[in-house]
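See below for the structure under consideration.
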There are 2 protein chains.
Amino acid sequence: MSNATEQWGLLNIELKGPDNGNPFAEVQLSATFRNGETSLTVPGFYDGDGTYRMRFMPPEQGEWTFRTTSNAAELDGRSGVLECVAPSDDNHGPVHVRNKFHFAYTDGTSFFPFGTTCYAWAHQGNELEAQTLETLKSAGFNKVRMCVFPKDYIFNKNEPVHHPFEKNSDGSWDFSRYNVEFFRHFEKRVAQVGELGIEADIILFHPYDRWGYATMAQEEDYAYLRYVVARLAAYRHVWWSMANEYDFMLKEKPMQVWDRFFEIVRENDPYNHLRSIHNGRFEDSYDHTRDDVTHACVQHWDVKRMREWRGMYGKPVIDDECEYEGNIIRNWGNISARELVHRFWISVCYGGYAGHGETYEHEKDILWWSKGGVLHGESAPRIAFLRGIVAKSAPDGIEPLEGEFPWDRTAAGQSGDTLLIYFGEHQPKHFGDGLPKKGRYKVDLIDTWNMAIDTLNDTFEGQTPIELPGRPYMAMRIRMIR
Amino acid sequence: MSNATEQWGLLNIELKGPDNGNPFAEVQLSATFRNGETSLTVPGFYDGDGTYRMRFMPPEQGEWTFRTTSNAAELDGRSGVLECVAPSDDNHGPVHVRNKFHFAYTDGTSFFPFGTTCYAWAHQGNELEAQTLETLKSAGFNKVRMCVFPKDYIFNKNEPVHHPFEKNSDGSWDFSRYNVEFFRHFEKRVAQVGELGIEADIILFHPYDRWGYATMAQEEDYAYLRYVVARLAAYRHVWWSMANEYDFMLKEKPMQVWDRFFEIVRENDPYNHLRSIHNGRFEDSYDHTRDDVTHACVQHWDVKRMREWRGMYGKPVIDDECEYEGNIIRNWGNISARELVHRFWISVCYGGYAGHGETYEHEKDILWWSKGGVLHGESAPRIAFLRGIVAKSAPDGIEPLEGEFPWDRTAAGQSGDTLLIYFGEHQPKHFGDGLPKKGRYKVDLIDTWNMAIDTLNDTFEGQTPIELPGRPYMAMRIRMIR
């Protein structure tokens with residue numbers, strides 16, 4: 001066997017092996033990949049019809065060798081060589097934490113998560129799924145939260161096209177036998193998201209279920225996790241989210257089970273992708289300070305608490321559900337576009353990140369937040385506008401200003417020599433307090449709703465008050481002139 | 001002597017006495033008023049030129065007798081009779097706490113504080129003061145926060161017309177000799193506010209000072225308090241606020257001094273008018289649970305914490321400074337009208353009260369919040385609209401709904417059989433969760449900004465979702481049909 005792939009690309013190794021009994025449960029397979037001093041052990045998985053696969057994402061360029069280990073003779077001791085070449089232009093590797101509260105791709109390129117939520121989009125059939133991908137292509141988001149399991153909830157009563165498990169002869173689900181059609185399909189959607197340059201924040205469990213996926217036995221949960229991780233970990237754009245609203249499953253899965261989920265994912269993922277867990281009630285949040293948690297995923301409407309959360313967790317904070325733009329009957333899904341954009345600006349200027357979702361009533365119950373399709377709202381382009389400003393102004397991430405007047409009530413942060421100040425519901429005619437005491441600077445007035453940046457002709461020095469338009473939802477960027 | 005006044009009216013008793021030495025400091029005078037079993041002891045005060053006054057607000061109708069006590073022979077043992085008759089139509093007596101978290105006039109008429117702030121309006125000269133009164137006549141507020149002492153602060157650099165103290169021969173102030181012109185003038189303004197049906201929330205100390213009023217010796221503070229209380233307590237519409245931002249004076253006046261201020265006011269005010277104290281930093285709030293504090297006065301922008309404060313203090317809560325409508329450079333004074341109206345609705349639906357203030361930049365530095373004049377903003381009529389709704393819908397005051405979904409994120413309260421729900425930044429197309437499980441009801445849709453009440457033709461029963469306009473800043477009133 002000889003193969004080639006680019007750094008952080010995905011190498012597929014296919015082997016034929018036993019197809020009797022339950023290969024998912026009975027056959028163990030892994031391979032160790034070596035390149036000089038570096039070695040990684042990668043789990044394999046059964047893909048039906050006697051086919052076994054191992055997927056490898058080479059973290060370094062050069063020649064790699066591998067050798068398999070298995071309890072099945074046909075799969076044991078197989079070996080090969082692969083050549084890993086330089087990554088292509090749009091391949092920056094997986095995203096990891098950088099500068100304590102922020103993120104970057106492995107090659108050092110900054111990454112600022114501006115994600116959206118389409119929980120069950122990959123279970124809606126080809127037509128709608130194609131439309132979702134088309135929407136994602138230009139919506140401006142670079143992360144999408146998506147569930148492995150289909151969803152049962154208000155507006156989500158349709159049966160998925162594929163089911164993740166095989167059935168027993170009595171019609172019940174056999175949670176130890178995976179439906180490879182389901183996983184191949186899901187995986188294709190994950191891959192397509194990656195091709196759009198979007199990180200896939202993969203949600204491994206959730207409580208909105210009528211099939212029994214949320215209430216499997218613990219050993220079934222563990223085996224399922226190993227299977228998903230073996231299939232998907234080699235995609236560089238994968239993030240692991242243990243659950244959507246894990247705390248609504250605490251009865252069936254007590255806290256130590258969630259701890260174990262984190263361990264299993266970490267142990268089986270040789271690339272150490274980002275790991276988080278999402279709460280329902282904020283009061284029941286998981287202990288995000290634990291080592292296995294790479295960043296805090298928060299559900300809370302009150303983004304003005306962002307600095308508090310940064311302090312509590314000492315990690316990047318993404319408020320992935322600060323309520324959604326929409327008009328449905330539930331309060332978590334009916335804030336105005338203006339309010340969601342407002343919450344994004346506050347989150348970001350306070351040194352954190354927020355998540356988008358959209359929940360407008362729809363005659364066919366096709367709500368973006370869960371099924372995808374098209375966007376009906378007004379927040380997405382404004383969020384993309386903010387993303388562009390952050391990417392340009394704050395390559396190392398924004399650190400919030402705090403404590404001292406006037407920063408106690410103005411969402412403002414700093415990145416190097418650039419200050420980004422968001423006034424929100426405030427509408428000063430002048431801004432003076434808090435301007436740099438030394439140096440000269442250029443000032444941009446930013447209309448966050450109309451997406452306009454007005455660079456003032458003057459340069460400023462000292463604490464000369466700057467005239468502002470005196471209307472709400474404005475921001476200001478101050479750049480030092482060297 | 002014989003006099004007549006109405007119940008809760010103001011009786012002035014004038015006596016001539018010594019004018020040598022320092023009568024303010026050296027002459028003690030009080031009178032005890034009796035009517036059957038009831039007796040009240042009322043402090044007198046010196047009003048210059050050998051004139052001493054005692055003012056009495058009879059709390060009951062009938063014949064009252066009085067007898068004076070003084071260390072000056074001419075003032076001691078003087079007595080008289082007065083007839084107290086029924087109050088006139090617009091006289092409901094002083095306001096007190098009712099139903100733990102709310103207020104009412106003494107005759108039982110509900111009182112819902114919808115106040116504004118004009119800290120130094122009574123020190124601006126007759127022309128501007130007349131304009132302020134004219135504005136107050138129709139602005140819709142029923143309480144005004146006003147300082148005894150003139151103010152020195154940004155936008156407040158003009159010298160007051162009158163000064164509260166006499167000068168020593170060396171030009172320094174003599175804090176033991178009151179300028180009766182100043183107090184007669186201040187008192188006239190207080191009385192005029194009362195004639196408009198507006199409660200005067202009188203602020204006794206504040207830190208914004210260049211004359212030394214904030215840093216007098218403790219005994220001077222105590223004497224000043226006794227003097228002000230003796231002059232003003234007989235006005236039925238007076239409330240006592242120990243300070244504006246008392247915590248910025250803690251260095252000169254440590255906590256036990258503030259405790260003592262409360263005691264002195266209580267001991268010298270026979271009518272037990274409402275007493276509160278206002279903080280700068282919320283973290284430095286006075287202990288509002290103390291017995292001498294009748295209601296909690298809060299300064300905090302985050303009115304969504306109103307239920308928390310009710311729980312902390314177990315008393316009525318007025319967020320008298322939830323930031324002001326305006327556009328000045330300071331964040332406490334530059335929120336939009338829409339945001340202030342929003343904060344009023346949240347405060348009220350969560351069972352509390354809020355305060356208005358207006359701070360638009362002005363070419364002559366005439367900002368309503370401190371100097372009065374005219375209103376330039378848009379919030380006042382909307383606040384008056386809300387006041388009208390509360391007065392009509394919640395005679396006993398609003399108790400907030402809490403804890404259970406969906407009330408954790410919708411500002412909503414109940415008064416008897418009426419529910420008042422404010423959606424704010426939420427814009428549901430339907431409302432269902434949280435509707436009454438039993439009974440039939442009428443529904444009003446309220447546009448809080450456009451001040452429109454749309455009573456739906458249908459009556460509703462059970463938890464049938466109600467169609468809403470799907471735009472923000474709406475409210476809903478649900479009235480049970482008996």
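Residues are named by chain letter and number: chains run A, B, ... in the order of the structure tokens, numbers start at 1 in each chain, and ligands are numbered from 1 in the order shown.
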
Original post:
Taking only C-alpha atoms into account, what are the residues of chain A at most 8 Å from chain B, put as a ChimeraX atom specification?
Top reply: /A:326-331,334-336,339,361,406,409-410,425-433,470-472

**OP:** Would you kindly return, as a ChimeraX atom specification, each protein, DNA or RNA residue with an atom no farther than 12 Å from any atom of Gly388 of chain B, considering only C-alpha atoms and excluding same-chain residues fewer than 6 positions away?
**Re:** /B:111-114,140-142,381-382,394-395,448,451,453

Subject >> Atom pair atom CA of Phe56 of chain A / atom CA of Ala191 of chain A: separation (Å) >> reply: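 Separation between atom CA of Phe56 of chain A and atom CA of Ala191 of chain A: 14.5 Å.
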
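The environment of segment 253-260 of chain A within 10 Å, counting only C-alpha atoms and disregarding residues fewer than 2 places along the same chain, consists of Ala214, Thr215, Met216, Ala217, Gln218, Asp221, Tyr222, Met242, Ala243, Tyr246, Asp247, Phe248, Met249, Leu250, Lys251, Phe262, Glu263, Ile264, Val265, Arg266, Ile277, Tyr286, Asp287, Arg290, Asp292 and Val293 of chain A.
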
Export of the given selection (N, CA and C atoms) as a PDB file, in the first residue's frame:
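Resulting contents of result.pdb:
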ATOM      1  N   ALA A 214     -31.350   8.881  23.428  1.00  0.00           N
ATOM      2  CA  ALA A 214     -30.953   9.647  24.617  1.00  0.00           C
ATOM      3  C   ALA A 214     -30.930   8.776  25.866  1.00  0.00           C
ATOM      4  N   THR A 215     -31.418   7.548  25.728  1.00  0.00           N
ATOM      5  CA  THR A 215     -31.565   6.702  26.926  1.00  0.00           C
ATOM      6  C   THR A 215     -30.952   5.326  26.709  1.00  0.00           C
ATOM      7  N   MET A 216     -29.916   5.251  25.905  1.00  0.00           N
ATOM      8  CA  MET A 216     -29.225   3.969  25.720  1.00  0.00           C
ATOM      9  C   MET A 216     -28.486   3.610  27.007  1.00  0.00           C
ATOM     10  N   ALA A 217     -28.085   2.346  27.091  1.00  0.00           N
ATOM     11  CA  ALA A 217     -27.282   1.924  28.242  1.00  0.00           C
ATOM     12  C   ALA A 217     -25.910   2.606  28.157  1.00  0.00           C
ATOM     13  N   GLN A 218     -25.253   2.760  29.271  1.00  0.00           N
ATOM     14  CA  GLN A 218     -23.978   3.475  29.284  1.00  0.00           C
ATOM     15  C   GLN A 218     -22.945   2.839  28.353  1.00  0.00           C
ATOM     16  N   ASP A 221     -23.679   3.890  24.930  1.00  0.00           N
ATOM     17  CA  ASP A 221     -23.212   5.276  24.721  1.00  0.00           C
ATOM     18  C   ASP A 221     -21.708   5.290  24.424  1.00  0.00           C
ATOM     19  N   TYR A 222     -20.978   4.580  25.245  1.00  0.00           N
ATOM     20  CA  TYR A 222     -19.514   4.602  25.113  1.00  0.00           C
ATOM     21  C   TYR A 222     -19.085   4.044  23.756  1.00  0.00           C
ATOM     22  N   MET A 242     -20.186  17.484  23.547  1.00  0.00           N
ATOM     23  CA  MET A 242     -20.729  16.274  24.177  1.00  0.00           C
ATOM     24  C   MET A 242     -22.249  16.236  24.068  1.00  0.00           C
ATOM     25  N   ALA A 243     -22.868  17.418  24.160  1.00  0.00           N
ATOM     26  CA  ALA A 243     -24.325  17.425  24.103  1.00  0.00           C
ATOM     27  C   ALA A 243     -24.855  18.815  23.856  1.00  0.00           C
ATOM     28  N   TYR A 246     -27.111  19.108  27.957  1.00  0.00           N
ATOM     29  CA  TYR A 246     -26.787  17.848  28.652  1.00  0.00           C
ATOM     30  C   TYR A 246     -27.538  17.708  29.969  1.00  0.00           C
ATOM     31  N   ASP A 247     -27.816  18.842  30.607  1.00  0.00           N
ATOM     32  CA  ASP A 247     -28.414  18.779  31.947  1.00  0.00           C
ATOM     33  C   ASP A 247     -29.853  18.281  31.934  1.00  0.00           C
ATOM     34  N   PHE A 248     -30.493  18.266  30.768  1.00  0.00           N
ATOM     35  CA  PHE A 248     -31.849  17.705  30.699  1.00  0.00           C
ATOM     36  C   PHE A 248     -31.802  16.175  30.588  1.00  0.00           C
ATOM     37  N   MET A 249     -30.581  15.614  30.593  1.00  0.00           N
ATOM     38  CA  MET A 249     -30.430  14.151  30.566  1.00  0.00           C
ATOM     39  C   MET A 249     -29.709  13.640  31.820  1.00  0.00           C
ATOM     40  N   LEU A 250     -29.627  14.478  32.840  1.00  0.00           N
ATOM     41  CA  LEU A 250     -28.829  14.086  34.019  1.00  0.00           C
ATOM     42  C   LEU A 250     -29.424  12.906  34.769  1.00  0.00           C
ATOM     43  N   LYS A 251     -30.710  12.694  34.611  1.00  0.00           N
ATOM     44  CA  LYS A 251     -31.328  11.558  35.295  1.00  0.00           C
ATOM     45  C   LYS A 251     -30.768  10.252  34.728  1.00  0.00           C
ATOM     46  N   PHE A 262     -16.224  12.755  27.979  1.00  0.00           N
ATOM     47  CA  PHE A 262     -15.071  13.593  27.625  1.00  0.00           C
ATOM     48  C   PHE A 262     -13.801  12.747  27.509  1.00  0.00           C
ATOM     49  N   GLU A 263     -13.600  11.852  28.470  1.00  0.00           N
ATOM     50  CA  GLU A 263     -12.394  11.007  28.449  1.00  0.00           C
ATOM     51  C   GLU A 263     -12.349  10.122  27.209  1.00  0.00           C
ATOM     52  N   ILE A 264     -13.481   9.510  26.905  1.00  0.00           N
ATOM     53  CA  ILE A 264     -13.517   8.605  25.753  1.00  0.00           C
ATOM     54  C   ILE A 264     -13.220   9.358  24.472  1.00  0.00           C
ATOM     55  N   VAL A 265     -13.804  10.521  24.341  1.00  0.00           N
ATOM     56  CA  VAL A 265     -13.547  11.302  23.131  1.00  0.00           C
ATOM     57  C   VAL A 265     -12.071  11.679  23.069  1.00  0.00           C
ATOM     58  N   ARG A 266     -11.541  12.130  24.181  1.00  0.00           N
ATOM     59  CA  ARG A 266     -10.127  12.526  24.188  1.00  0.00           C
ATOM     60  C   ARG A 266      -9.217  11.332  23.877  1.00  0.00           C
ATOM     61  N   ILE A 277     -19.266  21.284  26.032  1.00  0.00           N
ATOM     62  CA  ILE A 277     -20.578  20.725  26.401  1.00  0.00           C
ATOM     63  C   ILE A 277     -21.524  21.884  26.663  1.00  0.00           C
ATOM     64  N   TYR A 286     -22.040  22.502  33.213  1.00  0.00           N
ATOM     65  CA  TYR A 286     -20.935  21.581  33.498  1.00  0.00           C
ATOM     66  C   TYR A 286     -19.758  22.396  34.023  1.00  0.00           C
ATOM     67  N   ASP A 287     -18.868  21.743  34.721  1.00  0.00           N
ATOM     68  CA  ASP A 287     -17.693  22.438  35.232  1.00  0.00           C
ATOM     69  C   ASP A 287     -16.691  22.628  34.095  1.00  0.00           C
ATOM     70  N   ARG A 290     -12.748  21.975  33.991  1.00  0.00           N
ATOM     71  CA  ARG A 290     -12.092  20.652  33.918  1.00  0.00           C
ATOM     72  C   ARG A 290     -11.133  20.599  32.724  1.00  0.00           C
ATOM     73  N   ASP A 292     -10.473  18.378  30.505  1.00  0.00           N
ATOM     74  CA  ASP A 292     -10.931  17.828  29.235  1.00  0.00           C
ATOM     75  C   ASP A 292     -11.760  18.813  28.414  1.00  0.00           C
ATOM     76  N   VAL A 293     -12.194  19.877  29.039  1.00  0.00           N
ATOM     77  CA  VAL A 293     -13.014  20.881  28.344  1.00  0.00           C
ATOM     78  C   VAL A 293     -12.073  21.940  27.767  1.00  0.00           C
TER      79      VAL A 293
END

Subject >> Surrounding residues of Ala234 of chain A excluding itself and chain neighbours under 5 positions, 10 Å, only C-alpha atoms, as a PyMOL selection string >> reply: chain A and resi 8-12+42+54-58+94+229+269-271+273

Export of prior selection with C-alpha atoms as an mmCIF file, in the first residue's frame:
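Written out: result37.cif:
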data_model
loop_
_atom_site.group_PDB
_atom_site.id
_atom_site.type_symbol
_atom_site.label_atom_id
_atom_site.label_comp_id
_atom_site.auth_asym_id
_atom_site.auth_seq_id
_atom_site.Cartn_x
_atom_site.Cartn_y
_atom_site.Cartn_z
ATOM 1 C CA TRP A 8 -4.148 17.899 7.750
ATOM 2 C CA GLY A 9 -5.782 16.165 4.783
ATOM 3 C CA LEU A 10 -7.654 12.916 5.230
ATOM 4 C CA LEU A 11 -6.196 9.546 4.282
ATOM 5 C CA ASN A 12 -8.623 6.643 3.951
ATOM 6 C CA VAL A 42 -5.716 5.840 15.130
ATOM 7 C CA MET A 54 -8.968 3.742 9.183
ATOM 8 C CA ARG A 55 -8.723 7.451 8.615
ATOM 9 C CA PHE A 56 -5.638 9.456 9.237
ATOM 10 C CA MET A 57 -5.035 13.190 9.285
ATOM 11 C CA PRO A 58 -1.243 13.615 9.124
ATOM 12 C CA PRO A 94 -7.570 22.071 12.873
ATOM 13 C CA VAL A 229 -14.884 9.498 16.867
ATOM 14 C CA ASP A 269 -9.216 11.282 19.070
ATOM 15 C CA PRO A 270 -5.486 11.366 18.276
ATOM 16 C CA TYR A 271 -5.793 14.966 17.059
ATOM 17 C CA HIS A 273 -10.003 18.370 18.550
#

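Nearest residue to Ala233 of chain A among A:Leu196, A:Cys84, A:Leu274, A:Leu401 is A:Leu274, counting only C-alpha atoms.
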
Find the spatial neighbours of Phe175 of chain A, counting only C-alpha atoms, within a cut-off of 9 Å - ignore same-chain residues fewer than 5 positions away - and output them as a PDB file with N, CA and C atoms, in the first residue's frame.
ATOM      1  N   PRO A 164     -29.800   5.906  12.746  1.00  0.00           N
ATOM      2  CA  PRO A 164     -28.401   5.593  13.056  1.00  0.00           C
ATOM      3  C   PRO A 164     -28.136   4.128  13.447  1.00  0.00           C
ATOM      4  N   PHE A 165     -29.191   3.376  13.770  1.00  0.00           N
ATOM      5  CA  PHE A 165     -28.961   1.996  14.212  1.00  0.00           C
ATOM      6  C   PHE A 165     -29.770   1.026  13.358  1.00  0.00           C
ATOM      7  N   GLU A 166     -29.341  -0.238  13.405  1.00  0.00           N
ATOM      8  CA  GLU A 166     -30.103  -1.306  12.745  1.00  0.00           C
ATOM      9  C   GLU A 166     -31.217  -1.779  13.681  1.00  0.00           C
ATOM     10  N   LYS A 167     -32.208  -2.418  13.060  1.00  0.00           N
ATOM     11  CA  LYS A 167     -33.309  -2.939  13.875  1.00  0.00           C
ATOM     12  C   LYS A 167     -33.117  -4.411  14.220  1.00  0.00           C
ATOM     13  N   TYR A 213     -32.345   7.143  21.605  1.00  0.00           N
ATOM     14  CA  TYR A 213     -30.916   7.491  21.516  1.00  0.00           C
ATOM     15  C   TYR A 213     -30.421   8.212  22.769  1.00  0.00           C
ATOM     16  N   MET A 216     -29.916   5.251  25.905  1.00  0.00           N
ATOM     17  CA  MET A 216     -29.225   3.969  25.720  1.00  0.00           C
ATOM     18  C   MET A 216     -28.486   3.610  27.007  1.00  0.00           C
ATOM     19  N   ALA A 217     -28.085   2.346  27.091  1.00  0.00           N
ATOM     20  CA  ALA A 217     -27.282   1.924  28.242  1.00  0.00           C
ATOM     21  C   ALA A 217     -25.910   2.606  28.157  1.00  0.00           C
ATOM     22  N   GLU A 220     -23.517   1.216  25.693  1.00  0.00           N
ATOM     23  CA  GLU A 220     -23.914   1.562  24.319  1.00  0.00           C
ATOM     24  C   GLU A 220     -23.506   2.992  23.964  1.00  0.00           C
ATOM     25  N   ASP A 221     -23.679   3.890  24.930  1.00  0.00           N
ATOM     26  CA  ASP A 221     -23.212   5.276  24.721  1.00  0.00           C
ATOM     27  C   ASP A 221     -21.708   5.290  24.424  1.00  0.00           C
ATOM     28  N   TYR A 224     -20.879   3.872  21.032  1.00  0.00           N
ATOM     29  CA  TYR A 224     -21.314   4.830  20.007  1.00  0.00           C
ATOM     30  C   TYR A 224     -20.304   5.979  19.874  1.00  0.00           C
TER      31      TYR A 224
END

Original post:
Running DSSP on the backbone, which parts of segment 140-338 of chain B land in helix (DSSP H, G or I), as a PyMOL selection string?
Top reply: chain B and resi 180-195+213-215+218-232+246-249+255-268+282-284+303-313+331-333+337-338

Just C-alpha atoms for this one: save the residues we selected as a PDB file, in the first residue's frame.
ATOM      1  CA  VAL B 180     -33.918  81.913  55.443  1.00  0.00           C
ATOM      2  CA  GLU B 181     -34.283  83.423  51.958  1.00  0.00           C
ATOM      3  CA  PHE B 182     -32.802  80.252  50.537  1.00  0.00           C
ATOM      4  CA  PHE B 183     -35.093  78.027  52.553  1.00  0.00           C
ATOM      5  CA  ARG B 184     -38.232  80.089  51.900  1.00  0.00           C
ATOM      6  CA  HIS B 185     -37.485  79.872  48.215  1.00  0.00           C
ATOM      7  CA  PHE B 186     -36.747  76.137  48.269  1.00  0.00           C
ATOM      8  CA  GLU B 187     -39.854  75.533  50.300  1.00  0.00           C
ATOM      9  CA  LYS B 188     -41.997  77.469  47.844  1.00  0.00           C
ATOM     10  CA  ARG B 189     -40.746  75.210  45.068  1.00  0.00           C
ATOM     11  CA  VAL B 190     -41.496  72.166  47.159  1.00  0.00           C
ATOM     12  CA  ALA B 191     -44.995  73.460  47.812  1.00  0.00           C
ATOM     13  CA  GLN B 192     -45.568  74.184  44.121  1.00  0.00           C
ATOM     14  CA  VAL B 193     -44.591  70.664  43.181  1.00  0.00           C
ATOM     15  CA  GLY B 194     -47.177  69.441  45.683  1.00  0.00           C
ATOM     16  CA  GLU B 195     -49.844  71.664  44.141  1.00  0.00           C
ATOM     17  CA  TYR B 213     -22.016  71.342  52.144  1.00  0.00           C
ATOM     18  CA  ALA B 214     -20.819  67.788  51.617  1.00  0.00           C
ATOM     19  CA  THR B 215     -18.040  68.076  54.173  1.00  0.00           C
ATOM     20  CA  GLN B 218     -21.157  65.883  61.842  1.00  0.00           C
ATOM     21  CA  GLU B 219     -22.921  68.132  64.377  1.00  0.00           C
ATOM     22  CA  GLU B 220     -23.550  70.645  61.576  1.00  0.00           C
ATOM     23  CA  ASP B 221     -25.023  67.878  59.444  1.00  0.00           C
ATOM     24  CA  TYR B 222     -27.298  66.802  62.283  1.00  0.00           C
ATOM     25  CA  ALA B 223     -28.476  70.365  62.990  1.00  0.00           C
ATOM     26  CA  TYR B 224     -29.087  70.979  59.289  1.00  0.00           C
ATOM     27  CA  LEU B 225     -31.194  67.819  59.084  1.00  0.00           C
ATOM     28  CA  ARG B 226     -33.281  68.851  62.068  1.00  0.00           C
ATOM     29  CA  TYR B 227     -33.808  72.266  60.495  1.00  0.00           C
ATOM     30  CA  VAL B 228     -34.893  70.910  57.116  1.00  0.00           C
ATOM     31  CA  VAL B 229     -37.191  68.362  58.674  1.00  0.00           C
ATOM     32  CA  ALA B 230     -38.765  70.995  60.938  1.00  0.00           C
ATOM     33  CA  ARG B 231     -39.426  73.230  57.928  1.00  0.00           C
ATOM     34  CA  LEU B 232     -40.717  70.631  55.477  1.00  0.00           C
ATOM     35  CA  TYR B 246     -24.158  58.555  49.524  1.00  0.00           C
ATOM     36  CA  ASP B 247     -21.308  56.108  49.004  1.00  0.00           C
ATOM     37  CA  PHE B 248     -19.181  58.772  47.318  1.00  0.00           C
ATOM     38  CA  MET B 249     -19.157  60.562  50.682  1.00  0.00           C
ATOM     39  CA  MET B 255     -21.705  54.322  57.650  1.00  0.00           C
ATOM     40  CA  GLN B 256     -22.761  54.995  61.253  1.00  0.00           C
ATOM     41  CA  VAL B 257     -23.284  58.661  60.321  1.00  0.00           C
ATOM     42  CA  TRP B 258     -25.784  57.609  57.648  1.00  0.00           C
ATOM     43  CA  ASP B 259     -27.511  55.391  60.182  1.00  0.00           C
ATOM     44  CA  ARG B 260     -27.710  58.405  62.472  1.00  0.00           C
ATOM     45  CA  PHE B 261     -29.151  60.579  59.665  1.00  0.00           C
ATOM     46  CA  PHE B 262     -31.990  58.115  59.278  1.00  0.00           C
ATOM     47  CA  GLU B 263     -32.623  58.217  63.024  1.00  0.00           C
ATOM     48  CA  ILE B 264     -32.607  62.019  63.194  1.00  0.00           C
ATOM     49  CA  VAL B 265     -35.048  62.296  60.319  1.00  0.00           C
ATOM     50  CA  ARG B 266     -37.326  59.679  61.833  1.00  0.00           C
ATOM     51  CA  GLU B 267     -37.205  61.217  65.312  1.00  0.00           C
ATOM     52  CA  ASN B 268     -37.950  64.720  64.061  1.00  0.00           C
ATOM     53  CA  PHE B 282     -24.589  49.225  43.495  1.00  0.00           C
ATOM     54  CA  GLU B 283     -21.986  47.148  45.334  1.00  0.00           C
ATOM     55  CA  ASP B 284     -21.854  49.882  47.962  1.00  0.00           C
ATOM     56  CA  VAL B 303     -33.563  46.385  35.654  1.00  0.00           C
ATOM     57  CA  LYS B 304     -33.927  42.701  34.852  1.00  0.00           C
ATOM     58  CA  ARG B 305     -32.606  42.201  38.391  1.00  0.00           C
ATOM     59  CA  MET B 306     -35.718  43.801  39.891  1.00  0.00           C
ATOM     60  CA  ARG B 307     -37.098  40.516  41.298  1.00  0.00           C
ATOM     61  CA  GLU B 308     -33.746  39.819  42.904  1.00  0.00           C
ATOM     62  CA  TRP B 309     -33.790  43.205  44.657  1.00  0.00           C
ATOM     63  CA  ARG B 310     -37.361  42.686  45.881  1.00  0.00           C
ATOM     64  CA  GLY B 311     -36.173  39.408  47.365  1.00  0.00           C
ATOM     65  CA  MET B 312     -33.078  40.981  48.925  1.00  0.00           C
ATOM     66  CA  TYR B 313     -34.879  43.891  50.556  1.00  0.00           C
ATOM     67  CA  ASN B 331     -22.951  56.317  30.018  1.00  0.00           C
ATOM     68  CA  TRP B 332     -25.431  56.906  32.830  1.00  0.00           C
ATOM     69  CA  GLY B 333     -26.917  59.709  30.737  1.00  0.00           C
ATOM     70  CA  ALA B 337     -35.785  56.902  24.781  1.00  0.00           C
ATOM     71  CA  ARG B 338     -36.767  53.445  23.591  1.00  0.00           C
TER      72      ARG B 338
END

Give the strand (DSSP E or B) residues of segment 41-142 of chain B, as assigned by DSSP on the backbone, as a compact mmCIF listing (two decimals) with C-alpha atoms, in the first residue's frame.
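Saved result, result07.txt, follows:
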# COMPACT_ATOMS: atom_id res chain seq x y z
CA THR B 41 -44.83 66.54 68.98
CA VAL B 42 -43.77 68.88 66.22
CA PRO B 43 -40.42 70.70 66.08
CA GLY B 44 -40.39 74.42 65.40
CA PHE B 45 -37.74 76.42 63.58
CA TYR B 46 -36.35 79.92 63.37
CA THR B 51 -39.90 84.91 63.81
CA TYR B 52 -40.38 81.29 64.85
CA ARG B 53 -42.66 78.84 63.11
CA MET B 54 -44.23 75.50 63.74
CA ARG B 55 -45.97 73.62 61.01
CA PHE B 56 -48.52 70.97 61.62
CA GLY B 62 -61.60 67.19 64.70
CA GLU B 63 -60.45 69.69 67.25
CA TRP B 64 -56.75 69.81 68.04
CA THR B 65 -55.09 71.70 70.85
CA PHE B 66 -51.43 72.49 71.12
CA ARG B 67 -48.95 73.74 73.69
CA THR B 68 -45.37 74.83 73.06
CA THR B 69 -42.17 74.00 74.95
CA SER B 70 -39.08 76.17 74.58
CA SER B 79 -51.15 77.22 73.29
CA GLY B 80 -54.02 77.22 70.91
CA VAL B 81 -56.79 75.29 69.21
CA LEU B 82 -57.33 74.29 65.64
CA GLU B 83 -60.16 72.76 63.74
CA CYS B 84 -59.30 70.08 61.26
CA VAL B 85 -61.90 69.49 58.55
CA VAL B 95 -47.85 58.25 50.72
CA HIS B 96 -46.85 55.16 52.70
CA VAL B 97 -45.90 51.59 51.94
CA ARG B 98 -48.76 49.20 51.18
CA HIS B 102 -46.07 48.98 46.86
CA PHE B 103 -47.38 52.36 47.94
CA ALA B 104 -50.66 54.12 48.69
CA TYR B 105 -51.84 57.48 49.96
CA SER B 110 -53.18 53.69 45.21
CA PHE B 111 -49.94 55.46 44.46
CA GLY B 115 -40.91 59.90 39.02
CA THR B 116 -38.40 62.09 37.32
CA THR B 117 -35.14 63.70 38.41
